[in-house]
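Worksheet: one structure, shown below.
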Amino acid sequence: MAVSRMFKVAILGYNPIKEKLIDDLHKLGIIEISEIGREEVEEEIIKDYSGEIEKIQQKLQEINKLIDDLNFTAEFLSKFKQKKENKQPKVSSKKFQYTANEYLKIARNFNYNIIENVKKFNQEIQQINSKNEYLRSRINELLPWQKIKIEFEELKFENVKTLFGIISAREFFKFKKEIDSLNLYALNEINSTKEYVYFALMYDKEKEDRINEILKCFSVNIMDFSDIKGTIHKTIAFYKDEIKKTEERIKEIEEELSKYVSEYEKILVCIDYWSTIYQREGIKKQFLSTETTFLLKGWLREKDITNLMELNRKYKEIHINISPPEEGEVPPVALKNPALISPFEMVTKLFGVPGKGEPDPTPLLAPFFALFFAICLTDAGYGLVLLLLSYIILKKIKDGEGTQKLMKTLIISGAVTVLVGAITGGWFGIDFDKLPETFKAIKRIRDKLVILEPLKDPLALFVTTLALGVIQVLTGIIIKFVMLIKHRNYYEAFTSPFAWFLIVTGILSAVILKYKLLWALPLTGALIILIFSDRSGNIIVRLLKGAYSLYGITGIFGDVLSYSRLFALALSTGVIALVINVVVGILYQMIVSIPYIGIPIGILFGLIVLVFGHIFNIVINSLGGFIHTTRLQFVEYFGKFYEGSGTEFKPFKQTFKYVDLV
Amino acid sequence: MTTGLFIAGLGIFTSVVMAGIGSAVGIGLAGQVAAGVMSEDPKNFGKYLMLIALPGTQGIYGFVIGFLVIMKLGILTGNLPALTISQGLNVFAAAAPIGFAGLVSAIHQGKVCAAGIEMAAKQPGDVGKALVMGVFVEFYAVLGLLVSFFLVWFGIKI
């Protein structure tokens, strides 16, 4: 089996060492700690326990807030740095490398006042900015009124009111006529543009009602000058001065902030530090605690038992109990495969890890996956490029288990692609028949390897892909058969997968060998399904249900046809590779005819198009090949025998976002 | 140029342009959703990229058939073949399946992928499932490609 054997583990311990033990378990990262169900616990203890949980909850909230603040500070500083240095942010997935001691020292000695200061500065900057924005727009409003040279304090009279307003130029003449008819002191045009007239109106307080009536008939924008001290001009100068002062303050703040920029890395380290503390606190919720003791339960892989027993030697105050799972208990699933197959666990995990009684499908799908992917490309050159690129990326990116597995999958699949490409004669889509005489030797070697050329004999490749489909579908049926036998479900094993196997192989052999007696095989299979597929009910219901099951033959037919997609993808990769070469050839011919500079430019231009074209083709078709191959595994193959209803083993371990402990 | 060659040209047009339109619309649908989702969470660009690129294959299939027809007719050698009308119709019928299958399947695949991107935004672990759903739609374009290919490869005699 390619699934690790799991053991139940329970640790009972004395409270004072709880923190230290959690820390050790966190660093070891070998136990998946599961929650202790309340039904397992006596009433009295639960009371104790719920109080504990509230305390933990509160602590978690505090830590969470701190992490949020740290994140905010980090983001703020990184934006600030960007603005200062006027650089595009560099997306680097590189982690900081520290030893465990350095890491703890940084996190513990970090000056947490920085967070408060940054928050304070951020608030101040925002306040200043919004105030300045207001002042700037106010200045713009006041500018047209600068011609009023009087101080506004002088405008306060006992019986006379002054009103400032803006009216559209079109209406102004009519407005003026209306006002003049009232025999007022004055209507003054202070400023005017093409669209608007800025006016001042002085009037007797007694006439206020009348004025208001007129104002209602026109759309007049009445100015509020209550903030003016002295003349308009003076006020504008005052505001400008204010803005200048705040800008100086911002400069001061930025000066302060730039001192903190160097702390950026440390803040990220702190985020990781507090995140691990958060994980450690959070796990306590799953413990059972009394005043003096605690209990935790979980799952452990067989190979880690010795590691855990080390802890038993280190702490005298704990008792560790390890036992195999009981009947009816379903342990989490950890996949275990040899190095060549384990990268393909990625595909399995995408679908779901095996549930109870299911085998790990990874070794069963790995060879198919690599081969199908290779067929989608069918170009040895492309396989080489893919292999090399994936290898380089694998060496560059150290972290991220998922990416690593993906790259390893691509390396293996790339290697298979080289083989498949060699036997189909695909090398960067080069048409070897058109190569000049000098390359005859290369052509001879290439021809020796070729078994099947897709573009010369497409039908052969088409049939090959369908044959591969038959093989995979049959493999799926056989696996189902073996699974059922293992579970001692002989009845179903022989009435379902075995019968289907007879039908599929029988029809194929009868058709291929053209030997009529062979038709007995599928007929037997069909009869088995018709009669035995349903055990209950009377004979008519049974036959009807059997007939319905037999209808599943169309499904198998469809499954096999589905593998024709491999042919289609192989073809489109090959043809596009050819197209790129042909287009470059035509371009080169066109450019070379230019006198003098033709040849170097032609070669340069041709090379660029050639390289980019083929890289594009590799990327697009690797993507397509990967997805389609995955689908074939999930739908056509897994559909025969696999549900993937298990839960993945997720040990309690330290995970870092920014730090790489060395 | 003969009328037959013109009709054959229409066949190339059908496969390349119809499938191309389908892919363009499909990628457009998925791309818009991806841009919207990324405005909130810019981190998962790589994951979305696969879903955006998926409806692009139909256009490529259409182009493959178009190119095969061009090759088959010997247009690349510079000599225009004198096709009869029935030969032209023959070419048209051969190239048409991928054009139509590509047009419709790419648009619908775009919709499935757009929904898949929304799903992936909320459940980043489920990108694989979203991709597999998209591939279901693709299969019918693959069938169109197969039929067109066999018709072009074996069905055109000039």
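Scheme for the structure tokens: letters A, B, ... for chains in order shown; per-chain residue numbers from 1; ligand numbers from 1 in order shown.
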Distance cut-off 7 Å, counting only C-alpha atoms - which residues of chain A neighbour chain B? Return them as an mmCIF file with C-alpha atoms, in the first residue's frame.
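Now in out_4.cif:
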```cif
data_model
loop_
_atom_site.group_PDB
_atom_site.id
_atom_site.type_symbol
_atom_site.label_atom_id
_atom_site.label_comp_id
_atom_site.auth_asym_id
_atom_site.auth_seq_id
_atom_site.Cartn_x
_atom_site.Cartn_y
_atom_site.Cartn_z
ATOM 1 C CA LEU A 350 -6.258 17.569 -6.588
ATOM 2 C CA ARG A 565 -8.288 14.210 -27.468
ATOM 3 C CA ALA A 568 -6.027 16.068 -31.426
ATOM 4 C CA SER A 572 -2.201 20.689 -33.014
ATOM 5 C CA VAL A 575 1.117 21.444 -36.872
ATOM 6 C CA ILE A 576 1.769 24.683 -34.996
ATOM 7 C CA ILE A 627 -5.289 19.751 -18.048
ATOM 8 C CA HIS A 628 -6.603 17.218 -20.543
ATOM 9 C CA ARG A 631 -9.203 15.081 -16.825
#
```
task = Might you pull out every residue within 8 Å of Leu5 (chain B), with only C-alpha atoms counted and same-chain residues fewer than 4 positions away left off, and present them as a ChimeraX atom specification?
result = /B:1,9,81-85,88
task = Skip Val17 (chain B) itself and residues of its chain fewer than 6 positions away, then list as a ChimeraX atom specification all residues within 10 Å of it, counting only C-alpha atoms.
result = /B:10-11,23,59,62-63,66,99-100,102-103
Could you write out the selected residues, including N, CA and C atoms, as a compact mmCIF listing (two decimals), in the first residue's frame?
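Okay, out25.txt is ready:
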```txt
# COMPACT_ATOMS: atom_id res chain seq x y z
N LEU B 10 -13.47 30.47 -48.33
CA LEU B 10 -14.51 30.66 -47.33
C LEU B 10 -14.41 29.59 -46.24
N GLY B 11 -14.01 28.37 -46.66
CA GLY B 11 -13.84 27.29 -45.69
C GLY B 11 -12.75 27.64 -44.69
N SER B 23 -12.96 31.89 -29.30
CA SER B 23 -11.90 31.98 -28.30
C SER B 23 -11.78 33.40 -27.76
N GLY B 59 -9.46 28.56 -30.84
CA GLY B 59 -8.89 29.40 -31.89
C GLY B 59 -7.69 28.72 -32.53
N GLY B 62 -8.87 25.90 -34.80
CA GLY B 62 -9.37 26.46 -36.05
C GLY B 62 -8.22 26.85 -36.96
N PHE B 63 -7.20 27.44 -36.35
CA PHE B 63 -6.04 27.87 -37.12
C PHE B 63 -5.31 26.66 -37.70
N GLY B 66 -7.21 25.53 -40.65
CA GLY B 66 -7.03 26.51 -41.72
C GLY B 66 -5.69 26.34 -42.39
N GLY B 99 -14.94 25.17 -37.14
CA GLY B 99 -15.38 26.56 -37.04
C GLY B 99 -16.58 26.69 -36.14
N PHE B 100 -17.60 25.88 -36.41
CA PHE B 100 -18.84 26.00 -35.62
C PHE B 100 -18.66 25.44 -34.21
N GLY B 102 -15.98 25.13 -32.56
CA GLY B 102 -15.08 26.02 -31.81
C GLY B 102 -15.80 27.27 -31.34
N LEU B 103 -16.60 27.86 -32.24
CA LEU B 103 -17.30 29.11 -31.90
C LEU B 103 -18.15 28.93 -30.65
```
Would you write out, as a tab-separated table, a table of all residues in region 388-449 of chain A that have an atom no more than 7 Å from an atom of region 371-377 of chain A, listing for each the closest atom pair and the distance in Å to one decimal, considering only C-alpha atoms and ordering rows by chain and rising residue number?
```
residue	atom	partner	partner_atom	distance
A:Ser413	CA	A:Ala374	CA	6.3
A:Gly414	CA	A:Ala374	CA	7.0
A:Val416	CA	A:Ala374	CA	5.9
A:Thr417	CA	A:Ala374	CA	4.1
A:Val420	CA	A:Ala374	CA	6.3
```
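Nearest-residue note for Met202 (chain A): choosing from A:Gly298, A:Ala547, A:Ser219, A:Lys161, the minimum distance belongs to A:Lys161, counting only C-alpha atoms.
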task = Please provide the set of residues having any atom within 10 Å of region 496-500 of chain A, restricted to only C-alpha atoms, with same-chain residues fewer than 4 positions apart removed, written as a PyMOL selection string.
result = chain A and resi 474+476-482+484+491-492+504-506+521-529+532-533+549-550+552-553+556+640-641
Write out, as a tab-separated table, each residue of region 99-122 of chain B that has an atom at most 6 Å from region 24-46 of chain B, together with the closest pair of atoms and their distance in Å to one decimal, counting only C-alpha atoms, rows going by chain and rising number.
```
residue	atom	partner	partner_atom	distance
B:Ala106	CA	B:Gly26	CA	5.3
B:Ile107	CA	B:Gly26	CA	4.4
B:Gly110	CA	B:Gly26	CA	3.8
B:Cys113	CA	B:Ala30	CA	5.8
B:Ala114	CA	B:Ala30	CA	4.2
```
inquiry  = Give me the residues near Tyr315 (chain A) as a list of chain:residue names, where near means some atom within 12 Å (using only C-alpha atoms) and where sequence neighbours in that chain fewer than 3 positions away do not count.
reply    = A:Ile11, A:Leu12, A:Gly13, A:Tyr14, A:Pro16, A:Ile17, A:Lys18, A:Lys20, A:Leu21, A:Asp24, A:Leu308, A:Met309, A:Glu310, A:Leu311, A:Asn312, A:Ile318, A:His319, A:Ile320
Those of region 214-459 of chain A in DSSP alpha helix (DSSP H), formatted as a VMD selection string = chain A and resid 214 to 217 232 to 261 264 to 283 305 to 314 345 to 351 362 to 377 380 to 396 401 to 424 440 to 449 458 to 459
Writer output for current selection, C-alpha atoms, as a short mmCIF file (atom, residue, chain, number, x, y, z; two decimals), in the first residue's frame:
```cif
data_model
loop_
_atom_site.label_atom_id
_atom_site.label_comp_id
_atom_site.auth_asym_id
_atom_site.auth_seq_id
_atom_site.Cartn_x
_atom_site.Cartn_y
_atom_site.Cartn_z
CA ILE A 214 -36.17 87.13 -7.02
CA LEU A 215 -33.26 84.92 -6.05
CA LYS A 216 -35.56 81.93 -6.08
CA CYS A 217 -36.46 82.55 -9.72
CA ILE A 232 -10.04 87.87 0.28
CA HIS A 233 -6.47 88.26 -0.84
CA LYS A 234 -5.19 88.06 2.72
CA THR A 235 -7.25 84.97 3.41
CA ILE A 236 -5.91 83.19 0.34
CA ALA A 237 -2.38 84.01 1.40
CA PHE A 238 -3.18 82.73 4.86
CA TYR A 239 -4.50 79.44 3.51
CA LYS A 240 -1.53 79.02 1.24
CA ASP A 241 0.72 79.54 4.20
CA GLU A 242 -1.22 76.91 6.12
CA ILE A 243 -0.73 74.37 3.34
CA LYS A 244 2.96 75.14 3.24
CA LYS A 245 3.24 74.57 6.97
CA THR A 246 1.52 71.20 6.80
CA GLU A 247 3.70 70.19 3.91
CA GLU A 248 6.67 70.83 6.10
CA ARG A 249 5.09 68.67 8.76
CA ILE A 250 4.63 65.87 6.24
CA LYS A 251 8.28 66.15 5.37
CA GLU A 252 9.11 65.76 9.03
CA ILE A 253 6.91 62.71 9.30
CA GLU A 254 8.45 61.19 6.22
CA GLU A 255 11.85 61.76 7.70
CA GLU A 256 10.76 59.84 10.78
CA LEU A 257 9.20 57.09 8.69
CA SER A 258 12.28 56.60 6.56
CA LYS A 259 14.08 55.62 9.76
CA TYR A 260 11.62 52.75 10.04
CA VAL A 261 12.03 51.48 6.51
CA TYR A 264 10.67 46.32 7.23
CA GLU A 265 12.33 42.93 7.13
CA LYS A 266 12.11 42.63 10.91
CA ILE A 267 8.39 43.34 10.80
CA LEU A 268 7.89 40.48 8.36
CA VAL A 269 9.86 38.22 10.67
CA CYS A 270 7.60 39.31 13.52
CA ILE A 271 4.52 38.50 11.47
CA ASP A 272 5.81 34.96 11.09
CA TYR A 273 6.72 34.78 14.76
CA TRP A 274 3.29 35.84 15.93
CA SER A 275 1.58 33.64 13.37
CA THR A 276 3.33 30.61 14.84
CA ILE A 277 2.29 31.73 18.31
CA TYR A 278 -1.25 32.05 17.00
CA GLN A 279 -1.08 28.49 15.70
CA ARG A 280 0.24 27.30 19.06
CA GLU A 281 -2.46 29.08 21.05
CA GLY A 282 -5.17 27.95 18.66
CA ILE A 283 -4.28 24.29 19.01
CA ILE A 305 6.87 6.95 16.34
CA THR A 306 10.56 6.92 17.30
CA ASN A 307 10.69 10.73 16.97
CA LEU A 308 7.77 11.07 19.33
CA MET A 309 9.28 8.71 21.86
CA GLU A 310 12.26 11.05 22.09
CA LEU A 311 9.88 13.47 23.76
CA ASN A 312 8.93 10.82 26.25
CA ARG A 313 12.55 10.65 27.29
CA LYS A 314 12.87 14.44 27.47
CA GLU A 345 0.63 12.73 -5.58
CA MET A 346 -0.16 16.29 -6.61
CA VAL A 347 -2.68 14.95 -9.15
CA THR A 348 -4.21 12.60 -6.58
CA LYS A 349 -4.55 15.38 -4.02
CA LEU A 350 -6.26 17.57 -6.59
CA PHE A 351 -9.01 14.96 -6.71
CA THR A 362 -0.84 7.61 -7.44
CA PRO A 363 1.34 4.69 -8.63
CA LEU A 364 -1.57 3.53 -10.79
CA LEU A 365 -1.93 6.85 -12.58
CA ALA A 366 1.70 8.05 -12.74
CA PRO A 367 2.78 6.06 -15.84
CA PHE A 368 -0.43 6.92 -17.70
CA PHE A 369 -0.14 10.57 -16.76
CA ALA A 370 3.44 10.93 -17.98
CA LEU A 371 2.71 9.04 -21.21
CA PHE A 372 -0.49 10.94 -22.03
CA PHE A 373 1.15 14.26 -21.35
CA ALA A 374 4.01 13.23 -23.63
CA ILE A 375 1.59 12.32 -26.41
CA CYS A 376 -0.01 15.75 -26.19
CA LEU A 377 3.39 17.26 -27.07
CA ALA A 380 11.45 15.48 -28.37
CA GLY A 381 12.76 19.03 -28.62
CA TYR A 382 9.84 20.39 -26.63
CA GLY A 383 10.32 17.64 -24.08
CA LEU A 384 13.96 18.67 -23.63
CA VAL A 385 13.06 22.34 -23.21
CA LEU A 386 10.36 21.49 -20.70
CA LEU A 387 12.69 19.22 -18.78
CA LEU A 388 15.43 21.84 -18.59
CA LEU A 389 13.11 24.72 -17.69
CA SER A 390 11.40 22.73 -14.94
CA TYR A 391 14.78 21.65 -13.59
CA ILE A 392 16.01 25.25 -13.43
CA ILE A 393 12.82 26.42 -11.70
CA LEU A 394 13.02 23.52 -9.26
CA LYS A 395 16.58 24.50 -8.31
CA LYS A 396 15.66 28.17 -7.96
CA GLU A 401 5.84 21.79 -1.70
CA GLY A 402 3.15 22.15 -4.36
CA THR A 403 5.39 23.96 -6.84
CA GLN A 404 8.18 21.48 -6.23
CA LYS A 405 5.94 18.54 -6.95
CA LEU A 406 4.59 20.23 -10.08
CA MET A 407 8.11 20.85 -11.37
CA LYS A 408 9.15 17.26 -10.65
CA THR A 409 6.05 16.02 -12.46
CA LEU A 410 7.01 18.17 -15.44
CA ILE A 411 10.60 16.87 -15.38
CA ILE A 412 9.44 13.25 -15.48
CA SER A 413 6.78 13.98 -18.08
CA GLY A 414 9.33 15.99 -20.07
CA ALA A 415 11.70 13.01 -20.10
CA VAL A 416 8.91 10.75 -21.36
CA THR A 417 8.09 13.41 -23.97
CA VAL A 418 11.65 13.14 -25.28
CA LEU A 419 11.17 9.38 -25.76
CA VAL A 420 7.74 9.75 -27.35
CA GLY A 421 9.03 12.60 -29.52
CA ALA A 422 11.96 10.46 -30.67
CA ILE A 423 9.77 7.58 -31.82
CA THR A 424 7.36 9.93 -33.57
CA LYS A 440 21.64 13.83 -44.08
CA ALA A 441 23.41 12.13 -41.17
CA ILE A 442 21.09 13.70 -38.61
CA LYS A 443 18.10 12.68 -40.66
CA ARG A 444 19.34 9.11 -40.79
CA ILE A 445 19.68 8.91 -37.00
CA ARG A 446 16.29 10.50 -36.52
CA ASP A 447 14.69 8.14 -39.03
CA LYS A 448 16.14 5.12 -37.25
CA LEU A 449 14.30 6.05 -34.04
CA PRO A 458 -2.38 10.21 -38.65
CA LEU A 459 -4.74 7.24 -38.51
#
```
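Distance-wise, CA of Lys72 (chain B) and CA of Thr465 (chain A) end up 24.7 Å apart.
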